[in-house]
Amino acid sequence: MNSMTTPSAKRSVAVEFDGIVKAFGPVQVLHGVSFALQPGHVYGLLGENGAGKSTLMKILSGYEQPTAGTVRINGEAQSFADSRAAEQLGIVLIHQEFNLAEDLSVAQNIFLGHEKKKGLWLDDRSMEREAAEALAEVGLSIDPRTKVRRLIVAEKQLVEIAKALARHARLLVMDEPTATLTPGETERLFQLIARLRADGVTIVYISHKLDEVERITDEVIVMRDGRFVSRAHTREITRHQMANQMVGREIADLYPPRDPVNTSPAPALQVKGFDVPGWAHEASFEVRPGEILGFAGLVGAGRTELFEGIMGLRPGSGEIRLHGEPVQIRNPRQAAHHGLTYLSEDRKGKGLHVDFGLRENLTLMALERYASPWLKPEGERAALAGAVKEFGIRTGSLDVKASSLSGGNQQKLALAKVLHPRPRVVVLDEPTRGVDVGAKRDIYFLIQRMAREGLAVIVVSSELMELIGLCHRVAVMRAGRIVGTLHADQLTEEELIAHATGTATVASA
């Protein structure tokens with residue numbers, strides 16, 4: 001689809017960062033970063049959350065201005081007033097957090113700020129036609145007139161990529177683009193990246209999935225603490241070396257040892273014949289105290305929707321028992337009262353109030369503990385100080401908004417929040433989505449600690465190795481049904497994929 005991916009003036013983009021410094025008030029986040037990018041290459045840009053990767057790319061794409069230093073495009077110094085100025089040179093950033101208008105259609109989002117006109121009027125037909133072409137390029141079969149709010153997370157990610165294609169990107173920055181995609185969608189994205197690369201497009205691929213970086217990039221560039229650390233041809237560096245350079249130390253085993261489960265206590269949670277209209281059908285499972293139960297399946301299989309139904313976040317019906325007692329759950333507050341809490345996959349949309357302070361986020365689900373009858377901020381503050389220490393939340397101050405934390409530290413705060421009401425069963429939906437390898441390891445050990453302390457833990461994840469490394473059992477969903485449950489000794493990527501796609505031959509229970 002050359003009309004969508006190639007601008008009329010097909011010019012390659014070479015970039016040089018020369019001593020880039022960026023400070024937000026007294027806090028300096030980039031310290032003299034210098035390196036270059038050549039056209040027609042795929043670069044893996046690696047670093048822990050807070051390393052400065054996204055800030056540097058926002059400077060390149062016109063969303064931020066450097067405090068000092070120079071960005072050169074094709075040898076000429078450039079200072080972009082805004083993202084539209086960068087897009088005029090073909091530089092497009094696909095944000096990790098979606099930058100879509102929920103109440104507009106897909107086509108309107110793709111052309112937002114770049115609307116096509118016929119005379120004085122918007123040319124909706126032309127925009128819808130070209131939007132459909134861009135959507136086909138990324139493998140998304142939806143009507144471009146569909147409102148964005150009706151899309152699932154994976155579809156929104158593909159719309160973001162289609163939007164970049166429609167803007168004729170010659171340098172494309174992808175920030176965690178596969179975090180919500182199925183293996184099939186990821187494969188189509190990789191094929192698209194290969195085509196763009198062959199067409200001379202420069203691609204900066206930011207990802208914590210080192211297997212993807214190893215597979216599709218030409219070079220790896222590592223940043224740490226706002227500084228350039230190293231670069232190497234991808235074929236000359238191992239994943240282990242990438243991870244060590246990102247964190248600045250040797251990383252030991254990523255997953256904690258798996259403790260045995262005591263099968264004598266009654267299940268902490270039993271679900272029988274649970275239906276969520278349009279999403280889940282006759283779902284039955286149980287999880288015991290001290291057990292980590294995984295849920296696998298392709299995007300759209302109904303995993304998230306099943307648990308939203310159980311939590312009362314969407315209509316659902318079926319039998320729920322907590323520690324043997326039947327319960328009726330109509331909303332998350334009732335669920336928390338019964339000892340069941342849920343961490344949403346949408347960290348910024350549903351997991352945290354990012355414009356609230358750390359203290360307000362932590363205690364929101366347990367306010368009655370700090371109000372008798374008036375709210376006691378000193379008690380909340382003491383609780384926050386304890387959570388920061390217990391969960392390893394890195395923050396320069398207790399008196400900042402959640403939005404100021406890196407992705408990994410936001411996730412740790414979200415974990416602390418759902419555990420603060422002292423639940424007995426906790427459901428974690430994509431608990432490490434978009435966080436770096438160091439934070440992932442911290443979260444894995446936190447999950448193990450929950451189980452060791454007697455909690456029943458359910459982990460919904462699209463990362464198969466995460467489920468294999470953490471879980472005692474994994475239930476697999478396909479088309480809204482639980483099609484099998486694999487025990488630890490059966491867990492392989494091949495078996496999980498086979499069950500998720502309906503090609504399994506190994507019996508499971």
# chains A, B, ... in the order shown; residues from 1 in each chain; ligands from 1
call {"tool": "residues_around", "arguments": {"residues": "region 426-442 of chain A", "least_positions_apart": "4", "cutoff": "7 Å", "atoms": "only C-alpha atoms", "output": "PyMOL selection string"}}
result
chain A and resi 48-49+176+179+208+243+247+254-255+340-345+407-408+446+456-461
call {"tool": "atom_distance", "arguments": {"atom1": "CA of Gly312 (chain A)", "atom2": "CA of Pro332 (chain A)"}}
result
6.1 Å
call {"tool": "residues_around", "arguments": {"residues": "Arg330 (chain A)", "least_positions_apart": "4", "cutoff": "10 Å", "atoms": "only C-alpha atoms", "output": "PyMOL selection string"}}
result
chain A and resi 309-316+334-335
call {"tool": "closest_residue", "arguments": {"among": "A:Val33, A:Arg239, A:Leu419, A:Pro144", "to": "Glu390 (chain A)", "atoms": "only C-alpha atoms"}}
result
A:Leu419
call {"tool": "residues_around", "arguments": {"residues": "Thr503 (chain A)", "least_positions_apart": "4", "cutoff": "12 Å", "atoms": "only C-alpha atoms", "output": "JSON, numbers by chain"}}
result
{"A": [478, 483, 484, 494, 495, 496, 497, 498, 499, 507]}
call {"tool": "write_last_selection", "arguments": {"atoms": "N, CA, C and O atoms", "output": "CSV table (one decimal), in the first residue's frame"}}
result
chain,number,residue,atom,x,y,z
A,478,ARG,N,-10.2,-20.1,25.3
A,478,ARG,CA,-10.3,-19.9,23.8
A,478,ARG,C,-11.8,-19.6,23.5
A,478,ARG,O,-12.7,-20.4,24.0
A,483,VAL,N,-10.6,-24.1,28.1
A,483,VAL,CA,-10.4,-25.3,27.2
A,483,VAL,C,-9.4,-26.3,27.8
A,483,VAL,O,-9.3,-27.4,27.3
A,484,GLY,N,-8.8,-25.9,28.9
A,484,GLY,CA,-7.8,-26.9,29.5
A,484,GLY,C,-7.1,-26.2,30.6
A,484,GLY,O,-7.0,-24.9,30.7
A,494,GLU,N,4.8,-24.2,23.6
A,494,GLU,CA,4.1,-24.9,22.5
A,494,GLU,C,2.7,-25.4,23.0
A,494,GLU,O,1.7,-25.3,22.3
A,495,GLU,N,2.7,-25.9,24.2
A,495,GLU,CA,1.4,-26.5,24.7
A,495,GLU,C,0.4,-25.4,25.0
A,495,GLU,O,-0.8,-25.5,24.7
A,496,LEU,N,0.8,-24.3,25.5
A,496,LEU,CA,-0.1,-23.2,25.8
A,496,LEU,C,-0.6,-22.6,24.5
A,496,LEU,O,-1.8,-22.3,24.4
A,497,ILE,N,0.2,-22.4,23.5
A,497,ILE,CA,-0.3,-21.9,22.2
A,497,ILE,C,-1.2,-22.9,21.6
A,497,ILE,O,-2.2,-22.6,21.0
A,498,ALA,N,-0.9,-24.2,21.7
A,498,ALA,CA,-1.7,-25.3,21.1
A,498,ALA,C,-3.1,-25.2,21.7
A,498,ALA,O,-4.1,-25.3,21.0
A,499,HIS,N,-3.2,-25.1,23.0
A,499,HIS,CA,-4.5,-25.0,23.6
A,499,HIS,C,-5.3,-23.7,23.3
A,499,HIS,O,-6.5,-23.7,23.0
A,507,ALA,N,-3.6,-34.1,26.9
A,507,ALA,CA,-4.8,-34.0,27.8
A,507,ALA,C,-4.4,-33.1,28.9
A,507,ALA,O,-3.3,-33.0,29.4
call {"tool": "select_by_dssp", "arguments": {"residues": "region 134-269 of chain A", "states": "strand (DSSP E or B)", "output": "ChimeraX atom specification"}}
result
/A:147,171-175,202-206,219-224,227-233,269
call {"tool": "write_last_selection", "arguments": {"atoms": "C-alpha atoms", "output": "PDB file, in the first residue's frame"}}
result
ATOM      1  CA  LYS A 147     -16.011   4.680  17.571  1.00  0.00           C
ATOM      2  CA  LEU A 171      11.332   7.667  11.088  1.00  0.00           C
ATOM      3  CA  LEU A 172       8.936   5.706  13.249  1.00  0.00           C
ATOM      4  CA  VAL A 173       9.281   5.370  17.023  1.00  0.00           C
ATOM      5  CA  MET A 174       7.390   2.398  18.479  1.00  0.00           C
ATOM      6  CA  ASP A 175       7.078   2.376  22.284  1.00  0.00           C
ATOM      7  CA  THR A 202      14.277   4.303  10.245  1.00  0.00           C
ATOM      8  CA  ILE A 203      12.596   2.514  13.163  1.00  0.00           C
ATOM      9  CA  VAL A 204      13.290   2.958  16.859  1.00  0.00           C
ATOM     10  CA  TYR A 205      11.815  -0.008  18.715  1.00  0.00           C
ATOM     11  CA  ILE A 206      11.420   0.495  22.485  1.00  0.00           C
ATOM     12  CA  GLU A 219      21.449  -2.595  16.540  1.00  0.00           C
ATOM     13  CA  VAL A 220      20.803  -2.253  20.261  1.00  0.00           C
ATOM     14  CA  ILE A 221      21.278   1.054  22.093  1.00  0.00           C
ATOM     15  CA  VAL A 222      21.159   1.013  25.908  1.00  0.00           C
ATOM     16  CA  MET A 223      20.390   3.958  28.189  1.00  0.00           C
ATOM     17  CA  ARG A 224      20.560   4.047  31.975  1.00  0.00           C
ATOM     18  CA  ARG A 227      22.727   8.570  29.995  1.00  0.00           C
ATOM     19  CA  PHE A 228      23.873   6.713  26.891  1.00  0.00           C
ATOM     20  CA  VAL A 229      25.509   3.460  28.012  1.00  0.00           C
ATOM     21  CA  SER A 230      26.345   1.373  24.951  1.00  0.00           C
ATOM     22  CA  ARG A 231      25.436   0.305  21.436  1.00  0.00           C
ATOM     23  CA  ALA A 232      26.148  -2.949  19.638  1.00  0.00           C
ATOM     24  CA  HIS A 233      25.084  -4.927  16.605  1.00  0.00           C
ATOM     25  CA  LEU A 269     -12.022 -19.191  45.365  1.00  0.00           C
TER      26      LEU A 269
END
call {"tool": "closest_residue", "arguments": {"among": "A:Asn99, A:Gln411, A:Gln245, A:Gln28", "to": "Pro66 (chain A)", "atoms": "only C-alpha atoms"}}
result
A:Gln28
call {"tool": "closest_residue", "arguments": {"among": "A:Arg72, A:His31, A:Arg481, A:Lys209", "to": "Ala283 (chain A)", "atoms": "only C-alpha atoms"}}
result
A:Arg481
call {"tool": "residues_around", "arguments": {"residues": "region 82-87 of chain A", "least_positions_apart": "2", "cutoff": "8 Å", "atoms": "only C-alpha atoms", "output": "list in words"}}
result
Leu60, Ser61, Gly62, Tyr63, Glu64, Phe80, Leu89, Gly90, Ile91, Val92, Arg167 and Ala169 of chain A
call {"tool": "write_last_selection", "arguments": {"atoms": "N, CA, C and O atoms", "output": "PDB file, in the first residue's frame"}}
result
ATOM      1  N   LEU A  60      12.803  14.157  20.092  1.00  0.00           N
ATOM      2  CA  LEU A  60      12.970  13.917  18.664  1.00  0.00           C
ATOM      3  C   LEU A  60      11.684  14.185  17.892  1.00  0.00           C
ATOM      4  O   LEU A  60      11.715  14.710  16.774  1.00  0.00           O
ATOM      5  N   SER A  61      10.538  13.848  18.479  1.00  0.00           N
ATOM      6  CA  SER A  61       9.260  13.940  17.762  1.00  0.00           C
ATOM      7  C   SER A  61       8.473  15.200  18.085  1.00  0.00           C
ATOM      8  O   SER A  61       7.301  15.306  17.716  1.00  0.00           O
ATOM      9  N   GLY A  62       9.095  16.176  18.779  1.00  0.00           N
ATOM     10  CA  GLY A  62       8.474  17.482  18.953  1.00  0.00           C
ATOM     11  C   GLY A  62       7.550  17.631  20.136  1.00  0.00           C
ATOM     12  O   GLY A  62       6.909  18.685  20.287  1.00  0.00           O
ATOM     13  N   TYR A  63       7.450  16.633  21.011  1.00  0.00           N
ATOM     14  CA  TYR A  63       6.576  16.739  22.179  1.00  0.00           C
ATOM     15  C   TYR A  63       7.260  17.446  23.352  1.00  0.00           C
ATOM     16  O   TYR A  63       6.598  17.937  24.260  1.00  0.00           O
ATOM     17  N   GLU A  64       8.588  17.447  23.360  1.00  0.00           N
ATOM     18  CA  GLU A  64       9.369  18.133  24.390  1.00  0.00           C
ATOM     19  C   GLU A  64      10.508  18.903  23.721  1.00  0.00           C
ATOM     20  O   GLU A  64      10.912  18.572  22.598  1.00  0.00           O
ATOM     21  N   PHE A  80      11.941  21.423  16.912  1.00  0.00           N
ATOM     22  CA  PHE A  80      10.533  21.307  16.537  1.00  0.00           C
ATOM     23  C   PHE A  80       9.656  22.013  17.560  1.00  0.00           C
ATOM     24  O   PHE A  80       9.750  21.748  18.762  1.00  0.00           O
ATOM     25  N   LEU A  89       8.562  16.336   8.646  1.00  0.00           N
ATOM     26  CA  LEU A  89       9.780  15.671   8.181  1.00  0.00           C
ATOM     27  C   LEU A  89       9.657  14.152   8.242  1.00  0.00           C
ATOM     28  O   LEU A  89      10.640  13.445   8.030  1.00  0.00           O
ATOM     29  N   GLY A  90       8.459  13.650   8.560  1.00  0.00           N
ATOM     30  CA  GLY A  90       8.230  12.209   8.562  1.00  0.00           C
ATOM     31  C   GLY A  90       8.596  11.509   9.848  1.00  0.00           C
ATOM     32  O   GLY A  90       8.755  10.286   9.870  1.00  0.00           O
ATOM     33  N   ILE A  91       8.720  12.256  10.956  1.00  0.00           N
ATOM     34  CA  ILE A  91       9.081  11.667  12.255  1.00  0.00           C
ATOM     35  C   ILE A  91       7.811  11.496  13.081  1.00  0.00           C
ATOM     36  O   ILE A  91       7.151  12.489  13.425  1.00  0.00           O
ATOM     37  N   VAL A  92       7.468  10.265  13.392  1.00  0.00           N
ATOM     38  CA  VAL A  92       6.201   9.971  14.070  1.00  0.00           C
ATOM     39  C   VAL A  92       6.468   9.067  15.275  1.00  0.00           C
ATOM     40  O   VAL A  92       7.179   8.065  15.167  1.00  0.00           O
ATOM     41  N   ARG A 167       0.455   8.888   8.180  1.00  0.00           N
ATOM     42  CA  ARG A 167       1.195  10.156   8.225  1.00  0.00           C
ATOM     43  C   ARG A 167       2.557  10.038   7.553  1.00  0.00           C
ATOM     44  O   ARG A 167       3.432  10.879   7.754  1.00  0.00           O
ATOM     45  N   ALA A 169       5.286   8.076   7.745  1.00  0.00           N
ATOM     46  CA  ALA A 169       6.475   8.090   8.594  1.00  0.00           C
ATOM     47  C   ALA A 169       7.720   7.667   7.820  1.00  0.00           C
ATOM     48  O   ALA A 169       7.701   6.683   7.085  1.00  0.00           O
TER      49      ALA A 169
END
call {"tool": "residues_around", "arguments": {"residues": "Asn109 (chain A)", "least_positions_apart": "3", "cutoff": "10 Å", "atoms": "only C-alpha atoms", "output": "count of residues only"}}
result
19
call {"tool": "select_by_dssp", "arguments": {"residues": "region 41-242 of chain A", "states": "alpha helix (DSSP H)", "output": "MDAnalysis selection string"}}
result
chainID A and resid 53:60 83:88 106:110 124:137 153:166 183:198 210:216 239:242
call {"tool": "atom_distance", "arguments": {"atom1": "CA of Ile94 (chain A)", "atom2": "CA of Tyr43 (chain A)"}}
result
15.0 Å
